[in-house]
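What's in upload28.tsv: TSV, C-alpha atoms and all ligand atoms
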chain	number	residue	atom	x	y	z
S	1	MET	CA	-23.06	-37.76	30.85
S	2	THR	CA	-23.64	-40.02	33.78
S	3	ILE	CA	-25.40	-43.32	34.15
S	4	THR	CA	-27.24	-43.80	37.43
S	5	ASP	CA	-27.54	-47.32	38.72
S	6	ARG	CA	-31.13	-48.23	39.60
S	7	LEU	CA	-30.74	-51.96	39.16
S	8	LEU	CA	-33.87	-54.09	39.33
S	9	THR	CA	-34.04	-56.66	42.09
S	10	PRO	CA	-32.72	-59.98	40.73
S	11	GLY	CA	-35.52	-62.40	39.92
S	12	ALA	CA	-37.86	-63.19	37.06
S	13	ALA	CA	-40.74	-61.47	38.88
S	14	HIS	CA	-38.91	-58.16	38.45
S	15	GLY	CA	-38.05	-58.66	34.77
S	16	ARG	CA	-34.48	-59.62	35.68
S	17	PRO	CA	-34.20	-63.41	35.37
S	18	GLY	CA	-30.37	-63.34	35.56
S	19	THR	CA	-29.81	-65.19	32.26
S	20	ALA	CA	-26.35	-64.47	30.84
S	21	ILE	CA	-26.26	-63.00	27.31
S	22	LYS	CA	-23.59	-61.98	24.79
S	23	PRO	CA	-25.11	-58.88	23.16
S	24	VAL	CA	-24.49	-58.12	19.48
S	25	GLY	CA	-26.38	-54.84	19.21
S	26	VAL	CA	-28.77	-52.30	20.69
S	27	VAL	CA	-32.56	-52.04	20.29
S	28	ILE	CA	-34.15	-48.64	20.86
S	29	HIS	CA	-37.69	-48.29	22.26
S	30	TYR	CA	-40.11	-45.59	23.33
S	31	VAL	CA	-41.94	-46.13	26.62
S	32	GLY	CA	-45.37	-45.49	25.08
S	33	ASN	CA	-46.52	-43.63	28.20
S	34	PRO	CA	-46.34	-39.87	27.42
S	35	GLY	CA	-44.82	-37.70	30.14
S	36	SER	CA	-43.78	-40.61	32.37
S	37	SER	CA	-40.35	-40.37	34.01
S	38	ALA	CA	-37.43	-42.77	33.78
S	39	GLU	CA	-37.82	-43.55	37.48
S	40	ALA	CA	-41.55	-44.33	37.08
S	41	ASN	CA	-40.80	-46.69	34.19
S	42	ARG	CA	-38.02	-48.35	36.18
S	43	ASN	CA	-40.43	-48.88	39.09
S	44	TYR	CA	-43.02	-50.28	36.67
S	45	PHE	CA	-40.46	-52.95	35.68
S	46	GLU	CA	-39.50	-53.55	39.31
S	47	ALA	CA	-43.16	-54.12	40.24
S	48	GLY	CA	-43.34	-56.96	37.73
S	49	ALA	CA	-44.89	-55.32	34.67
S	50	ALA	CA	-46.63	-57.85	32.42
S	51	GLY	CA	-45.89	-60.60	34.92
S	52	GLY	CA	-42.17	-59.78	34.93
S	53	ARG	CA	-42.00	-60.00	31.15
S	54	ALA	CA	-41.22	-56.31	30.62
S	55	SER	CA	-37.84	-54.73	31.33
S	56	ALA	CA	-34.90	-53.03	29.67
S	57	HIS	CA	-31.22	-52.48	30.35
S	58	TYR	CA	-31.44	-48.70	30.31
S	59	ILE	CA	-34.08	-45.97	30.45
S	60	VAL	CA	-33.37	-42.47	29.13
S	61	GLY	CA	-35.58	-39.88	30.85
S	62	LEU	CA	-37.34	-36.64	29.99
S	63	LYS	CA	-34.53	-34.57	31.52
S	64	GLY	CA	-31.83	-36.59	29.79
S	65	GLU	CA	-31.13	-38.75	32.83
S	66	ILE	CA	-29.96	-42.30	32.18
S	67	LEU	CA	-30.91	-45.15	34.51
S	68	ARG	CA	-29.28	-48.56	34.32
S	69	CYS	CA	-31.76	-51.28	35.32
S	70	ILE	CA	-30.00	-54.46	34.22
S	71	PRO	CA	-26.28	-55.12	33.46
S	72	GLU	CA	-25.57	-55.42	29.71
S	73	THR	CA	-24.58	-59.09	29.96
S	74	GLU	CA	-27.85	-60.14	31.58
S	75	LEU	CA	-31.08	-60.72	29.66
S	76	ALA	CA	-33.86	-58.10	29.71
S	77	ASN	CA	-37.40	-58.72	28.40
S	78	HIS	CA	-37.80	-56.00	25.79
S	79	ALA	CA	-38.15	-57.53	22.33
S	80	GLY	CA	-39.28	-61.13	22.74
S	81	LYS	CA	-42.77	-60.83	21.24
S	82	SER	CA	-43.40	-61.03	17.48
S	83	TYR	CA	-45.85	-58.68	15.77
S	84	GLY	CA	-45.96	-60.52	12.43
S	85	ALA	CA	-45.08	-63.91	10.97
S	86	GLN	CA	-41.86	-62.65	9.39
S	87	TRP	CA	-40.52	-61.70	12.83
S	88	ASP	CA	-41.48	-64.94	14.62
S	89	ALA	CA	-38.05	-66.57	14.40
S	90	MET	CA	-36.16	-63.39	15.27
S	91	ALA	CA	-38.35	-62.65	18.28
S	92	LYS	CA	-37.30	-65.91	19.93
S	93	THR	CA	-33.67	-64.79	20.14
S	94	ASN	CA	-33.93	-60.97	20.36
S	95	ASN	CA	-33.62	-60.79	24.13
S	96	HIS	CA	-30.52	-62.96	24.00
S	97	ARG	CA	-28.92	-60.74	21.34
S	98	TYR	CA	-29.77	-57.14	22.15
S	99	ILE	CA	-29.30	-54.52	24.80
S	100	GLY	CA	-32.65	-52.74	25.24
S	101	VAL	CA	-32.85	-48.97	25.70
S	102	GLU	CA	-36.22	-47.46	26.63
S	103	THR	CA	-36.73	-43.78	25.90
S	104	CYS	CA	-39.18	-41.39	27.58
S	105	HIS	CA	-41.14	-38.85	25.51
S	106	PRO	CA	-43.31	-35.84	26.39
S	107	ASP	CA	-46.38	-36.55	24.24
S	108	ALA	CA	-48.33	-39.17	22.31
S	109	THR	CA	-46.38	-38.65	19.06
S	110	GLY	CA	-43.47	-40.45	20.70
S	111	LYS	CA	-40.99	-37.86	19.47
S	112	PHE	CA	-37.98	-37.54	21.78
S	113	SER	CA	-37.14	-34.09	23.17
S	114	ASP	CA	-33.74	-32.59	22.32
S	115	ILE	CA	-32.28	-33.22	25.77
S	116	THR	CA	-33.50	-36.82	25.80
S	117	MET	CA	-32.19	-37.34	22.28
S	118	GLU	CA	-28.77	-36.02	23.30
S	119	SER	CA	-28.48	-38.55	26.14
S	120	LEU	CA	-29.81	-41.37	23.97
S	121	ILE	CA	-27.22	-40.70	21.28
S	122	TRP	CA	-24.47	-40.47	23.89
S	123	LEU	CA	-25.53	-43.74	25.58
S	124	VAL	CA	-25.92	-45.80	22.41
S	125	SER	CA	-22.64	-44.45	20.99
S	126	ASP	CA	-20.91	-45.32	24.26
S	127	ILE	CA	-22.27	-48.88	24.16
S	128	CYS	CA	-21.14	-49.28	20.52
S	129	VAL	CA	-17.62	-48.02	21.25
S	130	ARG	CA	-17.21	-50.12	24.40
S	131	ARG	CA	-18.50	-53.28	22.76
S	132	GLY	CA	-17.07	-52.82	19.28
S	133	PHE	CA	-20.51	-52.67	17.60
S	134	ASP	CA	-20.77	-51.14	14.13
S	135	PRO	CA	-23.88	-48.97	14.58
S	136	ARG	CA	-24.73	-49.19	10.86
S	137	ALA	CA	-25.81	-52.79	11.45
S	138	ALA	CA	-26.05	-53.08	15.23
S	139	VAL	CA	-28.38	-50.21	16.17
S	140	LEU	CA	-32.02	-51.13	15.51
S	141	ARG	CA	-35.56	-50.07	16.29
S	142	HIS	CA	-37.84	-52.42	18.18
S	143	TYR	CA	-39.83	-52.42	14.92
S	144	ASP	CA	-36.87	-53.82	12.97
S	145	VAL	CA	-36.60	-56.94	15.14
S	146	SER	CA	-40.24	-57.63	15.99
S	147	GLY	CA	-42.60	-55.55	13.83
S	148	LYS	CA	-43.90	-53.48	16.77
S	149	SER	CA	-44.57	-49.77	16.06
S	150	CYS	CA	-41.80	-48.80	18.47
S	151	PRO	CA	-40.29	-46.26	18.81
S	152	LEU	CA	-43.53	-44.92	17.30
S	153	TYR	CA	-42.38	-41.56	15.89
S	154	TYR	CA	-39.25	-43.14	14.38
S	155	VAL	CA	-41.26	-45.91	12.72
S	156	LYS	CA	-43.75	-43.43	11.23
S	157	ASN	CA	-40.94	-41.10	10.16
S	158	PRO	CA	-38.11	-43.18	8.73
S	159	ALA	CA	-36.14	-40.01	7.86
S	160	ALA	CA	-36.11	-39.06	11.55
S	161	TRP	CA	-34.79	-42.53	12.39
S	162	THR	CA	-32.08	-42.24	9.74
S	163	ALA	CA	-31.08	-38.83	11.14
S	164	LEU	CA	-30.90	-40.24	14.70
S	165	LYS	CA	-28.85	-43.21	13.57
S	166	ASP	CA	-26.52	-41.04	11.48
S	167	LYS	CA	-25.66	-39.04	14.60
S	168	ILE	CA	-24.68	-42.26	16.38
S	169	ILE	CA	-22.69	-43.46	13.36
S	170	ALA	CA	-20.85	-40.13	13.19
S	171	ARG	CA	-19.72	-40.56	16.80
S	172	VAL	CA	-18.66	-44.18	16.49
S	173	VAL	CA	-17.37	-44.70	12.96
S	174	LYS	CA	-14.30	-42.53	12.50
S	175	PRO	CA	-13.53	-41.46	8.92
S	176	LYS	CA	-10.28	-42.82	7.52
S	177	PRO	CA	-7.34	-40.39	7.53
S	178	LEU	CA	-6.71	-38.75	4.13
S	179	VAL	CA	-3.31	-40.38	3.85
S	180	GLU	CA	-4.92	-43.83	4.04
S	181	LEU	CA	-7.59	-42.95	1.48
S	182	VAL	CA	-4.94	-41.70	-0.96
S	183	ALA	CA	-2.76	-44.75	-0.37
S	184	GLU	CA	-5.75	-47.00	-1.14
S	185	LYS	CA	-6.70	-45.02	-4.25
S	186	ILE	CA	-3.25	-45.18	-5.85
S	187	GLY	CA	-2.68	-48.77	-4.80
S	188	LEU	CA	0.14	-48.00	-2.40
S	189	ASN	CA	-1.05	-50.68	-0.02
S	190	SER	CA	-0.99	-53.40	-2.65
S	191	PRO	CA	2.15	-55.45	-3.34
S	192	GLY	CA	4.52	-53.90	-5.84
S	193	LEU	CA	7.24	-51.34	-6.28
S	194	TRP	CA	6.19	-48.96	-3.53
S	195	GLN	CA	5.64	-51.68	-0.97
S	196	ASP	CA	9.18	-52.88	-1.76
S	197	VAL	CA	10.49	-49.31	-1.32
S	198	ILE	CA	8.64	-48.92	1.98
S	199	ASP	CA	9.95	-52.29	3.15
S	200	GLY	CA	13.50	-51.24	2.20
S	201	LYS	CA	13.86	-53.96	-0.46
S	202	ARG	CA	14.27	-51.56	-3.37
S	203	ILE	CA	15.48	-48.03	-4.14
S	204	ALA	CA	13.10	-45.96	-6.27
S	205	THR	CA	14.44	-43.95	-9.21
S	206	ALA	CA	13.82	-40.20	-9.52
S	207	ASP	CA	11.32	-40.88	-12.34
S	208	GLN	CA	9.41	-43.35	-10.18
S	209	VAL	CA	9.26	-40.85	-7.30
S	210	ARG	CA	8.02	-38.14	-9.71
S	211	SER	CA	5.35	-40.52	-11.04
S	212	LEU	CA	4.25	-41.35	-7.49
S	213	PHE	CA	3.83	-37.67	-6.63
S	214	GLU	CA	1.81	-37.17	-9.82
S	215	LYS	CA	-0.51	-40.01	-8.81
S	216	ILE	CA	-0.94	-38.56	-5.33
S	217	ALA	CA	-1.68	-35.12	-6.79
S	218	ALA	CA	-4.31	-36.67	-9.07
S	219	ALA	CA	-5.90	-38.54	-6.19
S	220	ILE	CA	-6.48	-35.60	-3.85
S	301	ZN	ZN	-40.35	-51.25	22.17

Would it be possible to restate this file's structure as structure tokens?
Ligand SMILES: [Zn+2]
Amino acid sequence: MTITDRLLTPGAAHGRPGTAIKPVGVVIHYVGNPGSSAEANRNYFEAGAAGGRASAHYIVGLKGEILRCIPETELANHAGKSYGAQWDAMAKTNNHRYIGVETCHPDATGKFSDITMESLIWLVSDICVRRGFDPRAAVLRHYDVSGKSCPLYYVKNPAAWTALKDKIIARVVKPKPLVELVAEKIGLNSPGLWQDVIDGKRIATADQVRSLFEKIAAAI
């Protein structure tokens, strides 16, 4: 996958005020304009959409292309408006906390096509790995942080959102190796006889070794 730089012109009028941020997660959006391209949406931001109050860090297009509009450590205007009293406080800080990813979609349902979905999953996984985000907590819908029905299809169909998020989690969160799981289960990592043996402080007897192997056998 490649990310193409199509950075917005610096300046609040272009949705790129230049405010430094320290992102803690990623917010996923849908563009809400069926059939529009990533480039068209980027140019909409550049032209000062909503008086410069609309922008995003990335746009994933209908052909799976990825445009970068704003560097990840600069503020974008993508989630600053509240759509219900319970989101009022959150909305004030969203743009300072989250990297915004806009996603193009072919029709009014807002469902992402397979090729777009593939790029979106790749991009968000890449951001999580690079920045050390745990996607279970750090990957959110626009809805989750502001109450807006965005990305529409994935707000109306929570199972589709869970499936999307699970694919990102599977790429980022590596399962623990079996040996570690077994060690945890039989308490090998806790202080005691076997830690002393591992540390070379004690010699285990044949009976103790046999008992250890029995525990391992029972655990797997
Ligand atoms: Zn949105």

Distance criterion (only C-alpha atoms): nearest to Ser149 in chain S out of S:Leu8, S:Val31, S:Ile198, S:Ile220 | S:Val31

Could you give me the residues within 10 Å of ligand ZN 301 (chain S), counting only C-alpha atoms and all ligand atoms, as a VMD selection string?
-> chain S and resid 27 to 32 54 56 78 to 81 100 to 103 141 to 143 145 to 152

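Our summary of the geometry notes that CA of Ile186 in chain S is positioned 18.8 Å from CA of Arg202 in chain S.
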
Can you tell me how far CA of Gly15 in chain S sits from CA of Trp122 in chain S, in Å to one decimal?
->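 Those two atoms sit 25.2 Å apart.
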
Within 12 Å of (-36.5, -42.3, 31.5), in the coordinates the file gives, what residues turn up when you count all atoms listed in the file, written out as a ChimeraX atom specification?
-> /S:3-4,6,29-44,56-69,101-106,112-113,115-117,119-120

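Closest approach to Arg97 in chain S from the set S:Gly52, S:Pro23, S:Pro17, S:Gly132 is made by S:Pro23, with distances taken over all atoms listed in the file.
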
What separation in Å, quoted to one decimal, exists between CA of Met90 in chain S and CA of Leu140 in chain S?
->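 It comes out at 12.9 Å.
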